[in-house]
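Participant: My questions will all concern the structure given below.
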Amino acid sequence: MNVTPPATPSADRRAVTLVMACLGVFVAYLPVSTVSVSLPAIQRALHASTSQLSWVTDAFVLPMAALILTAGVFGDVHGRKKVFQAGLAFCTVGAGIALSADSIEVVWAGQAFSGLGAAALLPTTLALISHAVPDPRERGRFIGLWATSLMSALAVGPLIAGVILDQAAWRWIYLLPIPVAVIVMALTARLLTDSRAAGTRRLDWPGQITAAVTITALVYGVIEGGAHSFSEGKVVLALAIAAIGAVGFVLVERRGDSPMLDLSLFRSPAFSATSLVAMISFLGLIGFFFVLSLYFGMVQQLSTLEAASRLLMVTLMSLLAGPVVGQMMHRVSARILITGGLLVTAGALLSLTTLDVDTSFGSVTWRLALLGLGLGVVITPMTATAVASVPHHLAGMAAAGNNAFRQVGGALGPAVLGALLTTRAVNALPGHLADAGLTGAQQQRITSAVDAGGLGAVARMELGAAQGRALGALSQAFLDGLQLCLVVSATLTLLAAAVAAVLLRGPRRSTTPVAGPGSGPGHHAHHRPDGTPQREAAEPTHLEAGHRAG
């Protein structure tokens, strides 16, 4: 196959592909970043309970976690340009549905469509870059710019939401992705060259179906069990389906000719370690961000812009740390970097247990900056170690699998910690109401309202002179729940650190720096996923592209 296109058209094509890919990943992550700080506003407007708010986040993450592997393979087989445009279309439809929502259930539907779009965009944008840029060193620079666009969406999204919510209703946070996605679709149709991967890779429908059923049933069971009771029939049924689905997934992946996740990857202790670290740490961290957003809105009564300015510290520190860590990886072992970063993250989470109603901006900011530093140290070597620990022909699948485990943890995080927050706060509320001097009748009325409508129901009640004391008691009950969530998040992070320290023995060091956001080139695989040798400039699959993202 001739892989050397004419010089000038190739340069133009590389530039167009980079711009389209960066805009695509920016659109993909806006529903994550803008919604994260808008949850209190959505809760107030739609009278949503904490468990219903959990589904706002998970309705996006679930389809992304369940379909990201298959979407990439679909692009390899049927054309990346088609899947890229389909992803933009799903994001546009999802934003339009959420923009017109008049109930929490419609917001869920919009988020789910956006999650489908993100599942299509993330692997496809990387594969498009890898196809357009055959030189490994130049590709590393392009992927660094792609990663910077992703981090920019995470950083800028909360600020965009804050500005919008200071001037308009919550629903308008969904407006921006629509014109951006439509413009990119129009430009893509004219300017972007389609591509497919060489080889005989096929879609793994049995694996896809069992994975989607397992993840969805598990998250549903955890959310509904925390909101009501784990002994309820529907919760028991959901968890049983999740268990059966997990067994079914293992069986079909072991027997399939073209599995979406080759189970032989888990023979590598390093891959197993990084997958567990990814899932456990993101379970704790994404769940923590969910409850922290509610703390800023319900307890400190901050505006969305004020909350966004605090959360921005996490993203900025992680963004700054990533390139530095990428350059350190050829001198410091991944075991030390990952374990050390997780210990710093756990320390930051434990330092946040002292938060109260009046905690100042400066006091919160340094703790969140420390948290961002820990995350930045962990993320880059985590994926690089996963792909370096397996044979070259499985390196791309290892990177994609590691990302899938990360998304599963991210889906479980709001479910688990949202359930813990609600249970602890509801149990603590009667005691705080009594301490605030409310009468027995007032206490009963408030607790009944919370049982029916969630913690946000107290703010909507007419309690006369007792309103201020009731809200103060609610804030104290919420802080009890927040402290429990922080301790659980820190414990999960320490568990992940222990897994990394034990299983990442004898780590493999990189011979070249690994690309972080905005940094230099990353790894380069020299075999296709089917194991056949490949020239340096040969056509990579989406899995190999994910490998090179580090």
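Letters A, B, ... go to the chains of the structure tokens in the order shown; residues in each chain start at 1; ligands are counted from 1 in the same order.
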What lies within 8 Å of range 475-492 of chain A using only C-alpha atoms, ignoring chain neighbours under 3 positions off, as an NGL selection string?
Facilitator: :A and (280-281 or 283-285 or 287-288 or 291-292 or 295 or 298-299 or 345-347 or 349-350 or 352-357 or 417 or 420-426 or 428-429 or 432 or 471-472 or 495-496)
Participant: Quick one: of A:Ser51, A:Ser351, A:Asn427, A:Thr339, who's nearest to Val277 in chain A, counting only C-alpha atoms?
Facilitator: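 Using only C-alpha atoms, the shortest distance to Val277 in chain A belongs to A:Thr339.
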Participant: Determine, counting only C-alpha atoms, which protein, DNA and RNA residues have an atom within 8 Å of an atom of Gln43 in chain A; residues of the same chain fewer than 4 positions away are not included. Present the result as a CSV table (one decimal) with C-alpha atoms, in the first residue's frame.
Facilitator:
```csv
chain,number,residue,atom,x,y,z
A,39,LEU,CA,-26.3,20.2,39.2
A,47,HIS,CA,-37.1,19.5,42.0
A,48,ALA,CA,-34.8,16.5,41.6
A,49,SER,CA,-33.6,14.2,44.3
A,53,LEU,CA,-29.1,13.9,39.9
A,456,GLY,CA,-33.2,19.8,48.1
```
Participant: Using only C-alpha atoms, determine which residues lie at most 12 Å from Leu251 in chain A, disregarding the query and same-chain residues fewer than 6 positions distant; provide the list as a count of residues only.
Facilitator: 10
Participant: Can you build me a table of range 286-345 of chain A residues sitting at most 12 Å from range 379-382 of chain A, with the closest atom pair per residue and its distance in Å to one decimal, using only C-alpha atoms, sorted by chain and residue number, as a Markdown table?
Facilitator:
```
| residue | atom | partner | partner_atom | distance |
| --- | --- | --- | --- | --- |
| A:Ser318 | CA | A:Ile379 | CA | 8.8 |
| A:Leu319 | CA | A:Ile379 | CA | 10.5 |
| A:Leu320 | CA | A:Thr380 | CA | 11.9 |
| A:Ala321 | CA | A:Thr380 | CA | 9.4 |
| A:Gly322 | CA | A:Thr380 | CA | 6.3 |
| A:Pro323 | CA | A:Thr380 | CA | 8.5 |
| A:Val324 | CA | A:Thr380 | CA | 9.9 |
| A:Val325 | CA | A:Thr380 | CA | 7.1 |
| A:Gly326 | CA | A:Thr380 | CA | 6.5 |
| A:Gln327 | CA | A:Thr380 | CA | 10.2 |
| A:Met328 | CA | A:Pro381 | CA | 9.7 |
| A:Met329 | CA | A:Pro381 | CA | 7.2 |
| A:His330 | CA | A:Pro381 | CA | 10.5 |
| A:Val332 | CA | A:Pro381 | CA | 10.2 |
| A:Ser333 | CA | A:Pro381 | CA | 9.0 |
| A:Ala334 | CA | A:Pro381 | CA | 5.8 |
| A:Arg335 | CA | A:Pro381 | CA | 8.7 |
| A:Ile336 | CA | A:Pro381 | CA | 10.0 |
| A:Leu337 | CA | A:Pro381 | CA | 7.2 |
| A:Ile338 | CA | A:Met382 | CA | 6.7 |
| A:Thr339 | CA | A:Met382 | CA | 10.2 |
| A:Gly340 | CA | A:Pro381 | CA | 11.6 |
| A:Gly341 | CA | A:Ile379 | CA | 8.9 |
| A:Leu342 | CA | A:Ile379 | CA | 9.9 |
| A:Thr345 | CA | A:Ile379 | CA | 11.8 |
```
Participant: With C-alpha atoms retained, write the just-selected residues as a JSON list (two decimals), in the first residue's frame.
Facilitator:
```json
[["chain", "number", "residue", "atom", "x", "y", "z"],
["A", 318, "SER", "CA", -3.64, 18.32, 36.28],
["A", 319, "LEU", "CA", -3.09, 19.99, 32.90],
["A", 320, "LEU", "CA", 0.19, 21.54, 34.06],
["A", 321, "ALA", "CA", 1.45, 18.34, 35.68],
["A", 322, "GLY", "CA", 0.74, 16.05, 32.71],
["A", 323, "PRO", "CA", 3.53, 17.17, 30.34],
["A", 324, "VAL", "CA", 6.09, 17.29, 33.18],
["A", 325, "VAL", "CA", 5.25, 13.75, 34.24],
["A", 326, "GLY", "CA", 5.41, 12.60, 30.62],
["A", 327, "GLN", "CA", 9.01, 13.81, 30.45],
["A", 328, "MET", "CA", 9.86, 12.18, 33.79],
["A", 329, "MET", "CA", 8.74, 8.70, 32.79],
["A", 330, "HIS", "CA", 12.07, 7.66, 31.26],
["A", 332, "VAL", "CA", 11.25, 7.51, 37.25],
["A", 333, "SER", "CA", 9.41, 4.19, 37.35],
["A", 334, "ALA", "CA", 5.66, 4.11, 36.75],
["A", 335, "ARG", "CA", 5.25, 2.31, 40.07],
["A", 336, "ILE", "CA", 6.66, 5.30, 41.97],
["A", 337, "LEU", "CA", 4.75, 7.86, 39.90],
["A", 338, "ILE", "CA", 1.36, 6.14, 40.13],
["A", 339, "THR", "CA", 1.66, 5.19, 43.80],
["A", 340, "GLY", "CA", 3.02, 8.60, 44.76],
["A", 341, "GLY", "CA", 0.35, 10.45, 42.82],
["A", 342, "LEU", "CA", -2.40, 8.39, 44.42],
["A", 345, "THR", "CA", -4.55, 12.53, 45.93]]
```
Participant: Find the residues around Leu154 in chain A up to 7 Å (only C-alpha atoms counted), leave out those fewer than 5 positions away in its own chain, and share them as a PyMOL selection string.
Facilitator: chain A and resi 29+33+315
Participant: I need the residue nearest Ser114 in chain A from this list: A:Leu343, A:Val93, A:Ala501, A:Val416. Use only C-alpha atoms for the distance.
Facilitator: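 Selected residue with least distance to Ser114 in chain A: A:Val93.
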Participant: Can you measure CA of Ala473 in chain A to CA of Ala369 in chain A for me? One decimal in Å is fine.
Facilitator: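 Separation of CA of Ala473 in chain A and CA of Ala369 in chain A: 29.7 Å.
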Participant: Give me, please, the distance in Å between CA of Arg367 in chain A and CA of Ala348 in chain A, quoted to one decimal.
Facilitator: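 Distance between the two atoms: 5.6 Å.
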Participant: Using only C-alpha atoms, which of A:Ile223, A:Ile215, A:Leu145, A:Ala132 sits nearest Ala415 in chain A?
Facilitator: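 Smallest separation from Ala415 in chain A among the options: A:Ile223.
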